[in-house]
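A.B. asks: My questions all concern the structure below.
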Amino acid sequence: MLLTIGIIYFLYILLKIYISVMEIGYVSKEKSETPVILLPSNYIKAAKYKIASERMSILSDLVDYFMFLFWIGFGLRWLENIISINNISIKSVIYILTFLGINYLVSLPFDIYKSFYLDKKFGFSNIDLKLYLTDNIKSILLTAIFGGGVIYLIALIIQKFENWWLYGFGLIFILILFINMIYPTLIAPIFNKFEILKDEDLKNSIENLLKYAGLKASGVFTIDASKRDNRLNAYFGGLGKSKRVVLYDTLIQKLNKNELLAVLGHELGHFKHKDIFKNIFMMGGLMFLMFFIFGNLPIEIFNSFGIIKEPYSIIAIFLLFSPILSFLFMPIFGIVSRANEYAADEYGAECENEVALANALEKLANENKSFPKSHPVYIFFYFTHPPLVERLKRLGKKI
């Protein structure tokens with residue numbers, strides 16, 4: 001059983017590495033071709049960044065595999081033995097938070113390398129050590145407080161109900177809806193400073209866009225994204241009365257008014273077409289499947305790991321194996337998401353015009369150093385947005 005599980009995870013990692021290798025080869029070849037969309041200097045820089053990122057991803061995947069072997073071969077059993085607490089729910093919280101903490105420490109060098117070397121080398125990152133530490137401390141505290149609470153509740157449900165997976169799924173799905181509702185107003189402000197948009201003319205134009213779309217928002221805000229990163233972005237987030245229009249300060253600096261309204265029109269198109277709810281319910285379907293599978297695991301799996309079938313071990317196995325299921329379903333989510341993006345582009349062009357949106361997408365690609373081409377297998381597995389070349393063609397741009 002243990003050997004079979006190890007082989008399955010190895011094939012999963014092997015597939016991810018194969019996709020990265022294909023992407024590196026494809027981008028390396030395209031790098032020497034005539035630049036499209038991006039300026040020649042940005043085209044080369046974007047290609048180099050993409051190649052460097054995929055190489056780091058391969059190394060990260062290999063580390064993930066060795067960590068997986070550590071957990072199933074020794075780690076889960078070791079944690080079970082060293083945490084000698086009789087209360088199963090409290091033991092589950094300590095067990096899983098320790099499990100997450102060890103994985104966090106192992107992945108931390110990759111995050112540090114990306115933030116302080118790779119992203120700075122290519123002109124993206126503005127983050128300093130103080131802000132990096134502050135962000136990480138905040139994330140750790142949120143995980144410990146809210147994550148610990150969720151683990152405690154799931155552990156209670158597992159102990160109380162025979163079909164715990166059904167109730168557990170219900171709890172997590174409600175939490176997903178709740179987090180989407182509170183994110184713009186309670187969670188995002190923990191990490192970024194929000195200010196009411198001061199440009200009255202732009203603010204009025206955005207409010208007119210909202211009226212045109214039949215949507216209401218609790219305000220139009222800018223955030224200080226530039227203190228971490230130079231990339232451009234905007235979003236219309238939240239559910240119910242918590243909906244907010246949020247513009248990165250970097251976006252306001254780089255796009256003119258028409259381009260900015262076209263980009264925002266694209267974001268509003270997702271709400272107009274109810275894409276947010278589609279995504280939530282698609283994610284809900286995947287979560288339901290996961291809870292069903294992990295709620296009915298045979299005891300032989302736990303025996304092969306040398307651990308007892310308890311709430312903490314069930315949750316740990318869920319966390320170890322759920323990335324495989326998520327990865328396998330990514331192409332389905334990608335197909336739906338790419339279709340939604342085309343529809344949102346149409347709406348964004350309708351709100352402003354095709355030229356404004358096309359120009360905005362080109363500026364976004366140049367500023368974000370997004371390489372405009374990818375290997376088909378990479379697109380199939382990872383792309384939630386259509387390739388930029390295809391999006392611009394649909395907007396009437398000649399490439």
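Chain labels run A, B, ... following the order of the structure tokens; each chain numbers its residues from 1, and ligands are numbered from 1 in the order shown.
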Using only C-alpha atoms, what table do you get, as CSV, when you list each residue of range 273-300 of chain A with an atom no more than 12 Å from range 218-240 of chain A, its nearest pair of atoms, and their distance in Å rounded to one decimal, rows by chain then rising number?
C.D. replies:
```
residue,atom,partner,partner_atom,distance
A:Lys274,CA,A:Leu239,CA,11.1
A:Asp275,CA,A:Gly237,CA,11.8
A:Ile276,CA,A:Gly237,CA,9.1
A:Phe277,CA,A:Leu239,CA,9.5
A:Ile280,CA,A:Leu239,CA,11.5
```
A.B. asks: Those residues you just picked out, can you put them in a file as a compact mmCIF listing (two decimals), in the first residue's frame with C-alpha atoms?
C.D. replies:
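Writing the result to out-v2.txt gives the following:
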```
# COMPACT_ATOMS: atom_id res chain seq x y z
CA LYS A 274 -22.11 35.77 -12.19
CA ASP A 275 -18.68 34.19 -12.75
CA ILE A 276 -17.83 34.60 -9.06
CA PHE A 277 -20.75 32.36 -8.08
CA ILE A 280 -17.52 29.23 -5.92
```
A.B. asks: Which polymer residues have any atom within 7 Å of an atom of Gly334 in chain A, counting only C-alpha atoms, with same-chain residues fewer than 4 positions away left out, as a list in words?
C.D. replies: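 Using only C-alpha atoms, the neighbours found are Met330, Arg338, Tyr382, Phe383 and Thr384 of chain A.
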A.B. asks: Just checking: using only C-alpha atoms, which residue out of A:Tyr12, A:Phe70, A:Phe321, A:Tyr113 ends up closest to Met290 in chain A?
C.D. replies: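 Once distances to Met290 in chain A are computed over only C-alpha atoms, the minimum belongs to A:Phe321.
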A.B. asks: Could you find all residues in range 165-281 of chain A that DSSP calls helix (DSSP H, G or I) from the backbone, and write them as a PDB file with C-alpha atoms, in the first residue's frame?
C.D. replies:
```
ATOM      1  CA  TRP A 165     -17.543  14.342   5.567  1.00  0.00           C
ATOM      2  CA  LEU A 166     -20.972  15.704   4.571  1.00  0.00           C
ATOM      3  CA  TYR A 167     -21.182  18.059   7.558  1.00  0.00           C
ATOM      4  CA  GLY A 168     -17.518  18.951   7.192  1.00  0.00           C
ATOM      5  CA  PHE A 169     -18.085  19.908   3.585  1.00  0.00           C
ATOM      6  CA  GLY A 170     -21.069  22.063   4.589  1.00  0.00           C
ATOM      7  CA  LEU A 171     -18.961  23.901   7.153  1.00  0.00           C
ATOM      8  CA  ILE A 172     -16.086  24.563   4.720  1.00  0.00           C
ATOM      9  CA  PHE A 173     -18.434  25.676   1.920  1.00  0.00           C
ATOM     10  CA  ILE A 174     -20.132  28.172   4.239  1.00  0.00           C
ATOM     11  CA  LEU A 175     -16.695  29.429   5.293  1.00  0.00           C
ATOM     12  CA  ILE A 176     -15.703  29.910   1.630  1.00  0.00           C
ATOM     13  CA  LEU A 177     -18.790  32.096   1.106  1.00  0.00           C
ATOM     14  CA  PHE A 178     -18.078  33.976   4.345  1.00  0.00           C
ATOM     15  CA  ILE A 179     -14.435  34.642   3.431  1.00  0.00           C
ATOM     16  CA  ASN A 180     -15.448  35.930  -0.012  1.00  0.00           C
ATOM     17  CA  MET A 181     -17.883  38.251   1.739  1.00  0.00           C
ATOM     18  CA  ILE A 182     -15.476  39.685   4.306  1.00  0.00           C
ATOM     19  CA  TYR A 183     -12.225  39.647   2.301  1.00  0.00           C
ATOM     20  CA  PRO A 184     -12.386  43.198   0.834  1.00  0.00           C
ATOM     21  CA  THR A 185     -13.520  44.847   4.077  1.00  0.00           C
ATOM     22  CA  LEU A 186     -11.818  42.856   6.862  1.00  0.00           C
ATOM     23  CA  ILE A 187      -8.974  40.687   5.527  1.00  0.00           C
ATOM     24  CA  ALA A 188      -7.381  42.721   2.704  1.00  0.00           C
ATOM     25  CA  PRO A 189      -7.025  45.875   4.909  1.00  0.00           C
ATOM     26  CA  ILE A 190      -4.815  43.852   7.282  1.00  0.00           C
ATOM     27  CA  PHE A 191      -2.152  43.804   4.559  1.00  0.00           C
ATOM     28  CA  GLU A 200     -13.636  62.633  -8.556  1.00  0.00           C
ATOM     29  CA  ASP A 201     -13.903  62.489 -12.345  1.00  0.00           C
ATOM     30  CA  LEU A 202     -12.616  58.905 -12.449  1.00  0.00           C
ATOM     31  CA  LYS A 203     -14.737  57.997  -9.443  1.00  0.00           C
ATOM     32  CA  ASN A 204     -17.906  59.304 -11.153  1.00  0.00           C
ATOM     33  CA  SER A 205     -17.066  57.383 -14.328  1.00  0.00           C
ATOM     34  CA  ILE A 206     -16.582  54.183 -12.330  1.00  0.00           C
ATOM     35  CA  GLU A 207     -19.879  54.714 -10.509  1.00  0.00           C
ATOM     36  CA  ASN A 208     -21.566  55.148 -13.906  1.00  0.00           C
ATOM     37  CA  LEU A 209     -20.023  51.846 -14.990  1.00  0.00           C
ATOM     38  CA  LEU A 210     -21.489  50.202 -11.902  1.00  0.00           C
ATOM     39  CA  LYS A 211     -24.926  51.619 -12.657  1.00  0.00           C
ATOM     40  CA  TYR A 212     -24.657  50.421 -16.265  1.00  0.00           C
ATOM     41  CA  ALA A 213     -23.859  46.935 -15.000  1.00  0.00           C
ATOM     42  CA  ALA A 225       0.246  47.800  -3.764  1.00  0.00           C
ATOM     43  CA  SER A 226       3.464  49.477  -4.909  1.00  0.00           C
ATOM     44  CA  LYS A 227       5.046  49.033  -1.484  1.00  0.00           C
ATOM     45  CA  GLY A 240     -23.503  41.440  -0.931  1.00  0.00           C
ATOM     46  CA  LYS A 241     -22.948  44.816   0.716  1.00  0.00           C
ATOM     47  CA  SER A 242     -19.204  44.213   1.078  1.00  0.00           C
ATOM     48  CA  ASP A 249      -1.963  52.515  -7.152  1.00  0.00           C
ATOM     49  CA  THR A 250       0.388  51.138  -9.825  1.00  0.00           C
ATOM     50  CA  LEU A 251      -2.547  50.737 -12.209  1.00  0.00           C
ATOM     51  CA  ILE A 252      -3.667  54.349 -11.815  1.00  0.00           C
ATOM     52  CA  GLN A 253      -0.132  55.540 -12.531  1.00  0.00           C
ATOM     53  CA  LYS A 254       0.286  53.557 -15.771  1.00  0.00           C
ATOM     54  CA  LYS A 257      -8.736  56.890 -17.921  1.00  0.00           C
ATOM     55  CA  ASN A 258     -10.261  55.033 -20.905  1.00  0.00           C
ATOM     56  CA  GLU A 259      -7.898  52.087 -20.494  1.00  0.00           C
ATOM     57  CA  LEU A 260      -8.562  51.905 -16.761  1.00  0.00           C
ATOM     58  CA  LEU A 261     -12.345  51.943 -17.303  1.00  0.00           C
ATOM     59  CA  ALA A 262     -12.014  49.173 -19.896  1.00  0.00           C
ATOM     60  CA  VAL A 263     -10.049  47.016 -17.435  1.00  0.00           C
ATOM     61  CA  LEU A 264     -12.576  47.684 -14.698  1.00  0.00           C
ATOM     62  CA  GLY A 265     -15.375  46.941 -17.169  1.00  0.00           C
ATOM     63  CA  HIS A 266     -13.758  43.541 -17.692  1.00  0.00           C
ATOM     64  CA  GLU A 267     -13.792  42.926 -13.917  1.00  0.00           C
ATOM     65  CA  LEU A 268     -17.409  44.042 -13.664  1.00  0.00           C
ATOM     66  CA  GLY A 269     -18.216  41.663 -16.509  1.00  0.00           C
ATOM     67  CA  HIS A 270     -17.331  38.762 -14.217  1.00  0.00           C
ATOM     68  CA  PHE A 271     -19.940  39.950 -11.716  1.00  0.00           C
ATOM     69  CA  LYS A 272     -22.459  40.743 -14.449  1.00  0.00           C
ATOM     70  CA  ASP A 275     -18.684  34.194 -12.748  1.00  0.00           C
ATOM     71  CA  ILE A 276     -17.831  34.603  -9.059  1.00  0.00           C
ATOM     72  CA  PHE A 277     -20.747  32.362  -8.080  1.00  0.00           C
ATOM     73  CA  LYS A 278     -19.890  29.893 -10.841  1.00  0.00           C
ATOM     74  CA  ASN A 279     -16.342  29.639  -9.511  1.00  0.00           C
ATOM     75  CA  ILE A 280     -17.524  29.233  -5.923  1.00  0.00           C
ATOM     76  CA  PHE A 281     -19.922  26.432  -6.845  1.00  0.00           C
TER      77      PHE A 281
END
```
A.B. asks: Grab the CA of Leu59 in chain A to CA of Pro109 in chain A distance for me, in Å with one decimal place.
C.D. replies: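 CA of Pro109 in chain A lies at a distance of 11.5 Å from CA of Leu59 in chain A.
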A.B. asks: Taking 6 positions as the minimum chain separation for residues in the same chain, which residues sit within 12 Å of Pro40 in chain A when counting only C-alpha atoms? Answer as a PyMOL selection string.
C.D. replies: chain A and resi 31-34+46-47+366+369+371
A.B. asks: Skipping near chain neighbours, those fewer than 3 positions away, what residues fall within 12 Å of Asp119 in chain A using only C-alpha atoms, listed as a PyMOL selection string?
C.D. replies: chain A and resi 45-46+48-50+52-53+110-116+122-127+228-231+368-369
A.B. asks: Between CA of Ile19 in chain A and CA of Phe381 in chain A, measure the distance and give it in Å to one decimal.
C.D. replies: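 It comes out at 8.5 Å.
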A.B. asks: For Ser370 in chain A, which of A:Asn42, A:Asn256, A:Ser322, A:Thr134 is the closest residue, counting only C-alpha atoms?
C.D. replies: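 With only C-alpha atoms as the atom set, the closest residue is A:Asn42.
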A.B. asks: To one decimal place, how far is CA of Tyr312 in chain A from CA of Val93 in chain A in Å?
C.D. replies: 7.5 Å
A.B. asks: Residues near Lys397 in chain A, anyone? I mean within 12 Å using only C-alpha atoms, not counting same-chain ones fewer than 5 positions away, as number ranges by chain.
C.D. replies: A: 36-37, 354-359, 361-362, 388-392
